[in-house]
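Shown next: run_12.cif, containing mmCIF, C-alpha atoms.
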```cif
data_start
loop_
_atom_site.label_atom_id
_atom_site.label_comp_id
_atom_site.auth_asym_id
_atom_site.auth_seq_id
_atom_site.Cartn_x
_atom_site.Cartn_y
_atom_site.Cartn_z
CA MET A 383 17.19 4.98 -13.09
CA VAL A 384 13.72 3.49 -12.84
CA ILE A 385 10.83 3.90 -15.29
CA SER A 386 7.38 2.50 -14.71
CA LYS A 387 4.30 1.66 -16.71
CA LYS A 388 0.77 1.22 -15.46
CA VAL A 389 -1.81 -1.18 -16.91
CA GLU A 390 -5.19 -2.47 -15.74
CA PHE A 391 -7.14 -5.67 -15.87
CA SER A 392 -10.46 -6.80 -14.41
CA ALA A 393 -10.80 -10.29 -12.98
CA SER A 394 -12.64 -12.38 -10.43
CA HIS A 395 -11.17 -14.57 -7.72
CA ILE A 396 -12.06 -16.68 -4.71
CA CYS A 397 -9.85 -16.43 -1.63
CA ARG A 398 -10.18 -19.86 -0.04
CA SER A 399 -7.50 -22.41 0.77
CA PRO A 400 -8.38 -26.11 0.56
CA GLN A 401 -5.97 -26.61 3.49
CA LEU A 402 -8.16 -24.49 5.80
CA SER A 403 -11.60 -25.14 7.33
CA ASP A 404 -14.59 -22.93 6.46
CA GLU A 405 -14.10 -21.02 9.72
CA GLU A 406 -10.37 -20.54 9.09
CA ASN A 407 -11.03 -19.34 5.53
CA GLU A 408 -13.62 -16.87 6.80
CA ARG A 409 -11.14 -15.68 9.44
CA ALA A 410 -8.24 -15.33 6.98
CA TYR A 411 -10.07 -13.68 4.08
CA GLY A 412 -13.37 -12.28 5.42
CA ALA A 413 -15.86 -11.41 2.66
CA ALA A 414 -13.25 -12.39 0.03
CA SER A 415 -13.77 -16.06 1.00
CA ASN A 416 -17.20 -16.12 -0.72
CA PRO A 417 -17.07 -19.47 -2.60
CA LEU A 418 -18.93 -17.96 -5.54
CA GLY A 419 -16.19 -15.39 -6.08
CA HIS A 420 -16.03 -11.62 -6.52
CA GLY A 421 -13.88 -9.30 -8.63
CA HIS A 422 -11.69 -6.22 -8.84
CA ASN A 423 -10.32 -3.70 -11.30
CA TYR A 424 -6.64 -4.38 -10.72
CA VAL A 425 -3.99 -1.78 -11.51
CA VAL A 426 -0.46 -3.05 -12.15
CA GLU A 427 2.62 -0.82 -12.01
CA VAL A 428 5.67 -2.42 -13.55
CA ALA A 429 8.99 -0.66 -12.84
CA ILE A 430 12.09 -1.23 -15.00
CA GLU A 431 15.61 -0.39 -13.87
CA GLY A 432 18.51 0.51 -16.12
CA GLU A 433 20.45 3.30 -17.82
CA PRO A 434 19.16 5.09 -20.92
CA ASP A 435 20.64 3.88 -24.19
CA PRO A 436 22.96 6.69 -25.43
CA VAL A 437 21.40 6.60 -28.90
CA THR A 438 17.67 6.22 -28.17
CA GLY A 439 17.63 7.94 -24.76
CA MET A 440 15.43 5.11 -23.48
CA ILE A 441 15.95 2.45 -20.81
CA LEU A 442 13.60 0.19 -22.70
CA ASP A 443 11.29 0.60 -25.67
CA LEU A 444 7.94 1.10 -23.90
CA LYS A 445 6.11 -0.31 -26.91
CA HIS A 446 8.07 -3.53 -26.34
CA LEU A 447 7.09 -3.46 -22.65
CA LYS A 448 3.44 -2.87 -23.56
CA ASP A 449 3.50 -5.86 -25.93
CA ILE A 450 5.05 -8.12 -23.27
CA LEU A 451 2.49 -7.01 -20.68
CA GLU A 452 -0.31 -7.73 -23.13
CA ALA A 453 1.04 -11.15 -24.13
CA ARG A 454 2.27 -12.34 -20.73
CA VAL A 455 -0.27 -10.80 -18.32
CA LEU A 456 -3.31 -8.97 -19.68
CA SER A 457 -4.36 -11.53 -22.30
CA ILE A 458 -4.18 -14.22 -19.59
CA TYR A 459 -5.63 -12.30 -16.59
CA ASP A 460 -8.17 -9.87 -18.06
CA HIS A 461 -11.85 -10.85 -17.63
CA ARG A 462 -10.96 -14.25 -16.20
CA LEU A 463 -11.67 -16.20 -13.03
CA LEU A 464 -8.09 -16.34 -11.73
CA ASN A 465 -8.55 -19.54 -9.68
CA ARG A 466 -9.64 -21.55 -12.73
CA GLU A 467 -8.01 -19.84 -15.67
CA VAL A 468 -4.50 -18.87 -14.56
CA GLN A 469 -2.18 -21.81 -14.10
CA ALA A 470 -0.33 -20.52 -11.01
CA PHE A 471 -3.56 -20.38 -9.05
CA GLU A 472 -4.44 -24.04 -9.47
CA SER A 473 -2.31 -24.69 -6.39
CA ILE A 474 -2.08 -21.36 -4.54
CA VAL A 475 -4.67 -18.79 -3.47
CA PRO A 476 -4.89 -15.76 -5.82
CA THR A 477 -4.34 -13.17 -3.10
CA VAL A 478 -2.91 -9.85 -4.26
CA GLU A 479 0.43 -11.00 -2.77
CA ASN A 480 0.49 -14.10 -5.01
CA ILE A 481 -0.76 -12.12 -8.03
CA ALA A 482 2.20 -9.70 -7.69
CA ILE A 483 4.63 -12.64 -7.47
CA ASP A 484 3.07 -14.46 -10.46
CA ILE A 485 3.19 -11.32 -12.62
CA TRP A 486 6.87 -10.86 -11.65
CA ASN A 487 7.60 -14.47 -12.64
CA ARG A 488 5.81 -14.01 -15.97
CA LEU A 489 7.84 -10.90 -16.82
CA GLU A 490 11.29 -11.22 -15.26
CA THR A 491 13.14 -13.08 -18.03
CA ARG A 492 11.20 -11.44 -20.87
CA ILE A 493 11.84 -7.76 -20.19
CA ASP A 494 15.12 -7.40 -22.08
CA PRO A 495 16.99 -10.43 -23.47
CA THR A 496 20.22 -8.38 -23.52
CA GLY A 497 19.95 -7.89 -19.74
CA ARG A 498 20.54 -4.12 -19.93
CA ALA A 499 17.12 -3.30 -18.50
CA LYS A 500 15.93 -5.31 -15.52
CA LEU A 501 12.60 -5.73 -13.80
CA HIS A 502 12.74 -3.63 -10.61
CA SER A 503 9.30 -4.16 -9.04
CA VAL A 504 5.71 -5.17 -9.69
CA ARG A 505 3.08 -3.31 -7.65
CA VAL A 506 -0.50 -4.57 -7.88
CA HIS A 507 -3.36 -2.41 -6.54
CA GLU A 508 -6.35 -4.61 -5.76
CA THR A 509 -8.41 -1.58 -4.65
CA SER A 510 -7.49 2.05 -3.97
CA GLU A 511 -6.93 0.94 -0.36
CA LEU A 512 -4.71 -2.13 -0.81
CA TRP A 513 -1.57 -2.79 -2.85
CA VAL A 514 1.30 -5.27 -2.76
CA GLU A 515 4.75 -4.82 -4.28
CA TYR A 516 7.20 -7.63 -5.10
CA ARG A 517 10.86 -6.90 -5.91
CA GLY A 518 11.99 -10.44 -6.66
CA SER A 519 13.64 -12.97 -4.40
CA LYS A 520 16.81 -10.86 -3.91
CA MET B 1296 9.00 -14.62 -0.47
CA THR B 1297 9.09 -11.09 0.89
CA VAL B 1298 6.53 -8.56 -0.30
CA HIS B 1299 5.67 -4.98 0.64
CA LEU B 1300 1.98 -4.38 1.37
CA GLY B 1301 0.32 -0.96 1.50
CA ARG B 1302 -3.03 -0.33 3.17
CA ARG B 1303 -4.74 3.07 2.99
CA TYR B 1304 -7.11 4.57 5.56
CA THR B 1305 -8.91 7.89 5.88
CA PHE B 1306 -10.05 10.11 8.73
CA CYS B 1307 -11.39 13.65 9.01
CA ALA B 1308 -10.14 15.98 11.74
CA SER B 1309 -9.54 19.63 12.57
CA HIS B 1310 -6.38 21.35 13.74
CA ARG B 1311 -4.70 24.70 14.17
CA LEU B 1312 -1.04 25.35 13.45
CA HIS B 1313 0.21 27.62 16.20
CA SER B 1314 3.43 27.41 18.21
CA PRO B 1315 3.46 28.85 21.74
CA ALA B 1316 7.20 29.47 21.25
CA LEU B 1317 6.45 32.09 18.56
CA SER B 1318 4.75 35.48 18.73
CA GLU B 1319 1.30 36.06 17.24
CA ALA B 1320 2.88 37.85 14.30
CA GLU B 1321 5.47 35.09 13.76
CA ASN B 1322 2.78 32.39 13.88
CA LYS B 1323 0.69 34.25 11.35
CA ALA B 1324 3.67 34.79 9.05
CA LEU B 1325 4.80 31.15 9.31
CA TYR B 1326 1.53 29.22 9.14
CA GLY B 1327 -0.66 31.70 7.23
CA LYS B 1328 -4.29 30.56 6.94
CA CYS B 1329 -3.49 27.43 8.98
CA ASN B 1330 -3.00 29.71 12.00
CA ASN B 1331 -6.71 30.73 12.07
CA PRO B 1332 -7.60 30.75 15.82
CA PHE B 1333 -10.82 28.84 15.14
CA GLY B 1334 -8.98 26.00 13.38
CA HIS B 1335 -9.83 24.22 10.14
CA GLY B 1336 -9.92 20.59 8.97
CA HIS B 1337 -8.79 18.04 6.41
CA ASN B 1338 -9.72 14.66 4.99
CA TYR B 1339 -6.50 12.91 5.94
CA GLU B 1340 -5.30 9.73 4.28
CA VAL B 1341 -2.85 7.39 5.99
CA GLU B 1342 -0.95 4.66 4.16
CA VAL B 1343 0.75 2.00 6.28
CA THR B 1344 3.37 -0.13 4.50
CA VAL B 1345 4.24 -3.54 5.91
CA ARG B 1346 7.06 -5.90 4.89
CA GLY B 1347 6.39 -9.60 5.34
CA GLN B 1348 6.77 -13.14 4.06
CA VAL B 1349 3.89 -14.63 2.08
CA ASP B 1350 2.39 -17.52 4.05
CA PRO B 1351 2.40 -20.58 1.75
CA VAL B 1352 -1.06 -21.71 2.89
CA THR B 1353 -3.03 -18.47 3.03
CA GLY B 1354 -1.08 -16.49 0.43
CA ARG B 1355 -1.16 -13.52 2.83
CA ALA B 1356 1.78 -11.48 4.12
CA VAL B 1357 -0.15 -9.91 6.98
CA ASP B 1358 -3.51 -10.56 8.66
CA LEU B 1359 -5.47 -7.67 7.13
CA ALA B 1360 -8.27 -7.88 9.71
CA ALA B 1361 -5.68 -7.59 12.51
CA LEU B 1362 -3.95 -4.66 10.73
CA ASP B 1363 -7.28 -2.86 10.20
CA SER B 1364 -8.21 -3.44 13.83
CA LEU B 1365 -4.86 -2.12 15.12
CA VAL B 1366 -5.08 1.01 12.94
CA GLU B 1367 -8.70 1.55 13.97
CA THR B 1368 -7.86 1.32 17.68
CA GLN B 1369 -4.58 3.26 17.61
CA ILE B 1370 -5.26 5.92 14.96
CA LEU B 1371 -8.71 6.19 13.44
CA ALA B 1372 -10.90 5.99 16.55
CA PRO B 1373 -8.84 8.54 18.54
CA PHE B 1374 -8.41 10.94 15.54
CA ARG B 1375 -11.69 10.66 13.60
CA PHE B 1376 -13.85 13.79 13.83
CA ARG B 1377 -11.60 15.20 16.56
CA ASN B 1378 -9.89 18.49 17.17
CA LEU B 1379 -6.30 17.22 17.11
CA ASN B 1380 -4.89 20.08 19.23
CA GLU B 1381 -7.46 19.61 21.98
CA GLU B 1382 -8.23 15.89 21.88
CA VAL B 1383 -4.96 14.10 21.09
CA PRO B 1384 -2.56 14.40 24.06
CA ALA B 1385 0.61 14.60 21.90
CA PHE B 1386 -0.64 17.83 20.29
CA ARG B 1387 -1.02 19.69 23.55
CA SER B 1388 2.75 20.20 23.37
CA GLU B 1389 3.47 19.70 19.65
CA VAL B 1390 2.06 21.57 16.66
CA PRO B 1391 -0.13 19.13 14.64
CA THR B 1392 1.68 19.65 11.32
CA THR B 1393 1.65 16.75 8.84
CA GLU B 1394 5.22 15.98 9.96
CA ASN B 1395 4.28 15.72 13.64
CA LEU B 1396 1.11 13.85 12.79
CA ALA B 1397 3.12 11.26 10.84
CA SER B 1398 5.50 10.88 13.82
CA GLU B 1399 2.57 10.43 16.21
CA VAL B 1400 0.93 7.85 13.91
CA LEU B 1401 4.24 5.97 13.77
CA ARG B 1402 4.67 6.08 17.59
CA ARG B 1403 1.13 4.79 18.11
CA LEU B 1404 1.53 1.95 15.59
CA GLN B 1405 4.94 0.94 16.97
CA SER B 1406 3.63 0.90 20.55
CA ALA B 1407 1.14 -1.86 19.66
CA TRP B 1408 2.93 -3.53 16.75
CA THR B 1409 5.07 -6.23 18.37
CA ALA B 1410 2.24 -7.46 20.61
CA GLU B 1411 0.06 -7.97 17.51
CA PHE B 1412 2.50 -9.07 14.80
CA GLY B 1413 5.74 -10.05 16.55
CA ALA B 1414 8.56 -10.05 14.01
CA VAL B 1415 6.50 -11.74 11.27
CA ALA B 1416 5.26 -8.56 9.62
CA ARG B 1417 7.45 -5.46 9.92
CA LEU B 1418 6.15 -1.91 9.87
CA GLU B 1419 8.10 -0.29 7.04
CA LYS B 1420 6.64 3.12 6.22
CA VAL B 1421 3.94 5.60 7.19
CA ARG B 1422 2.68 8.14 4.66
CA ILE B 1423 0.11 10.85 5.37
CA TRP B 1424 -1.78 13.00 2.91
CA GLU B 1425 -3.11 16.20 4.51
CA THR B 1426 -4.40 17.16 1.07
CA ASP B 1427 -3.63 15.73 -2.38
CA ARG B 1428 -0.71 18.15 -2.55
CA ASN B 1429 0.72 17.97 0.95
CA ILE B 1430 2.25 14.62 1.86
CA CYS B 1431 4.68 13.47 4.55
CA GLU B 1432 6.26 10.02 4.80
CA ILE B 1433 8.56 8.34 7.31
CA ASP B 1434 10.67 5.32 6.36
CA ILE B 1435 11.57 3.12 9.28
#
```

Produce structure tokens that represent the structure in this file.
Amino acid sequence: MVISKKVEFSASHICRSPQLSDEENERAYGAASNPLGHGHNYVVEVAIEGEPDPVTGMILDLKHLKDILEARVLSIYDHRLLNREVQAFESIVPTVENIAIDIWNRLETRIDPTGRAKLHSVRVHETSELWVEYRGSK
Amino acid sequence: MTVHLGRRYTFCASHRLHSPALSEAENKALYGKCNNPFGHGHNYEVEVTVRGQVDPVTGRAVDLAALDSLVETQILAPFRFRNLNEEVPAFRSEVPTTENLASEVLRRLQSAWTAEFGAVARLEKVRIWETDRNICEIDI
């Protein structure tokens, strides 16, 4: 069984790779390569897989999930320039692909220390027209 | 690392649901208002899901400009502001239901996919909204 929770954050980013020329960056990212940055209202759907606890009827306490999302993702990502203020993006470009992977990495081991509930997927909507989902390295 | 990427597009078109294999009365009973001889239209939404590896340099799983261009050429330009029954060859012989429209979108994408993306980015799913409440998807 899979349960999911949706949260939002707003952040700016610059899609440019230091390994590419100006022309290659423009080609790869289009308008998103603006060196001065731009931003989005991101929507993150986190899905948790497991069986409901026979006593509580819940796969995971959603208050616990909300607290983890706040501590591990929102307090770090919200109203930030991702390139400068989120550690993962010091060396990689904060595309929506890499954002989904970083959020997975931030959450995977924290979801449920007992291992009963597991992270199933992280889907990040950059706009209403573009999303990326990561389901781990399996 | 493998990710799944969804990209959503929109187009407006008209159609009429009417099967030549059925009688007038059967068509009317089956398709109801959608059988109106003058046709009607929808704001369609199409979501294309791609599975790919994230390029370590660009951080991208698929070239979005190339994907947009392929969808524009194969789907949006031929369908946008068209009468699907009259102006899309597939619907001269098939009824343009959401199911058949999804199949046609998939056929058109697959016909051009390998030439554009090779095996790097795989087409994984097509989902079409005829309205907010009427959705058809095909998993590949």

Enumerate as a PyMOL selection string the residues belonging to chain A that approach chain B to within 9 Å, with only C-alpha atoms taken into account.
-> chain A and resi 397-402+407+409-412+474-480+482-483+505+507+510-519

Point-to-point distance in Å for CA of Ser1398 in chain B and CA of Val384 in chain A = 28.9 Å

Mind checking which residues fall within 10 Å of Ala1414 in chain B, counting all atoms listed in the file, ignoring those fewer than 5 positions away in the same chain, and posting them as a list in words?
->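 Everything that qualifies: Gly1347, Trp1408 and Thr1409 of chain B.
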
Result set, the PyMOL selection byres ((chain B and resi 1379) around 7) on current file, as a PyMOL selection string | chain B and resi 1308-1310+1374+1377-1378+1380-1383+1386+1391

Using all atoms listed in the file, which residues sit within 12 Å of Leu463 in chain A once same-chain residues fewer than 4 positions away are excluded, as a list in words?
->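 The contact residues come out as Phe391, Ser392, Ala393, Ser394, His395, Ile396, Cys397, Leu418, Gly419, His420, Gly421, His422, Ile458, Tyr459, Glu467, Val468, Gln469, Phe471, Glu472 and Pro476 of chain A.
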
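When all atoms listed in the file are used to measure the gap to Thr1426 in chain B, the shortest distance among B:Leu1325, B:Ala1407, B:Cys1307, B:Leu1317 belongs to B:Cys1307.
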
Go through the shown structure with the PyMOL selection byres ((chain B and resi 1396) around 12) and write out the matching residues as a PyMOL selection string.
-> chain B and resi 1308+1310+1312+1339-1341+1370+1374+1379-1380+1383-1386+1389-1395+1397-1403+1421-1425+1430-1433

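For the choices A:Lys387, A:His461, A:Lys520, A:His502, the atom-to-atom distance to Asp443 in chain A is smallest for A:Lys387 when using all atoms listed in the file.
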
Given the file shown, determine the residues that the PyMOL selection byres ((chain A and resi 495-497) around 12) selects; report them as a short mmCIF file (atom, residue, chain, number, x, y, z; two decimals) with C-alpha atoms, in the frame of the given file.
```
data_model
loop_
_atom_site.label_atom_id
_atom_site.label_comp_id
_atom_site.auth_asym_id
_atom_site.auth_seq_id
_atom_site.Cartn_x
_atom_site.Cartn_y
_atom_site.Cartn_z
CA ILE A 430 12.09 -1.23 -15.00
CA GLU A 431 15.61 -0.39 -13.87
CA GLY A 432 18.51 0.51 -16.12
CA GLU A 433 20.45 3.30 -17.82
CA ILE A 441 15.95 2.45 -20.81
CA LEU A 442 13.60 0.19 -22.70
CA HIS A 446 8.07 -3.53 -26.34
CA LEU A 489 7.84 -10.90 -16.82
CA GLU A 490 11.29 -11.22 -15.26
CA THR A 491 13.14 -13.08 -18.03
CA ARG A 492 11.20 -11.44 -20.87
CA ILE A 493 11.84 -7.76 -20.19
CA ASP A 494 15.12 -7.40 -22.08
CA ARG A 498 20.54 -4.12 -19.93
CA ALA A 499 17.12 -3.30 -18.50
CA LYS A 500 15.93 -5.31 -15.52
CA LEU A 501 12.60 -5.73 -13.80
#
```

Excluding Asn1322 in chain B and residues on its chain fewer than 5 positions from it, collect all residues at most 12 Å away from it, counting only C-alpha atoms, and give them as a PyMOL selection string.
-> chain B and resi 1311-1317+1327-1332+1390

Output as JSON the centre and edge lengths (Å, one decimal) of the box along x, y and z of the file that holds every listed atom of range 1308-1319 of chain B after adding 8 Å on each side.
```
{"center_x": -1.5, "center_y": 26.0, "center_z": 16.7, "size_x": 33.3, "size_y": 36.1, "size_z": 26.0}
```

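Atom to atom, CA of Glu427 in chain A and CA of Ser503 in chain A stand 8.0 Å apart.
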
CA of Val1366 in chain B to CA of His1337 in chain B, distance in Å rounded to a single decimal | 18.6 Å

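The residue that comes closest to Val504 in chain A, out of A:Glu406, A:Asp460, A:Ala453, A:Val389 and on the basis of all atoms listed in the file, is A:Val389.
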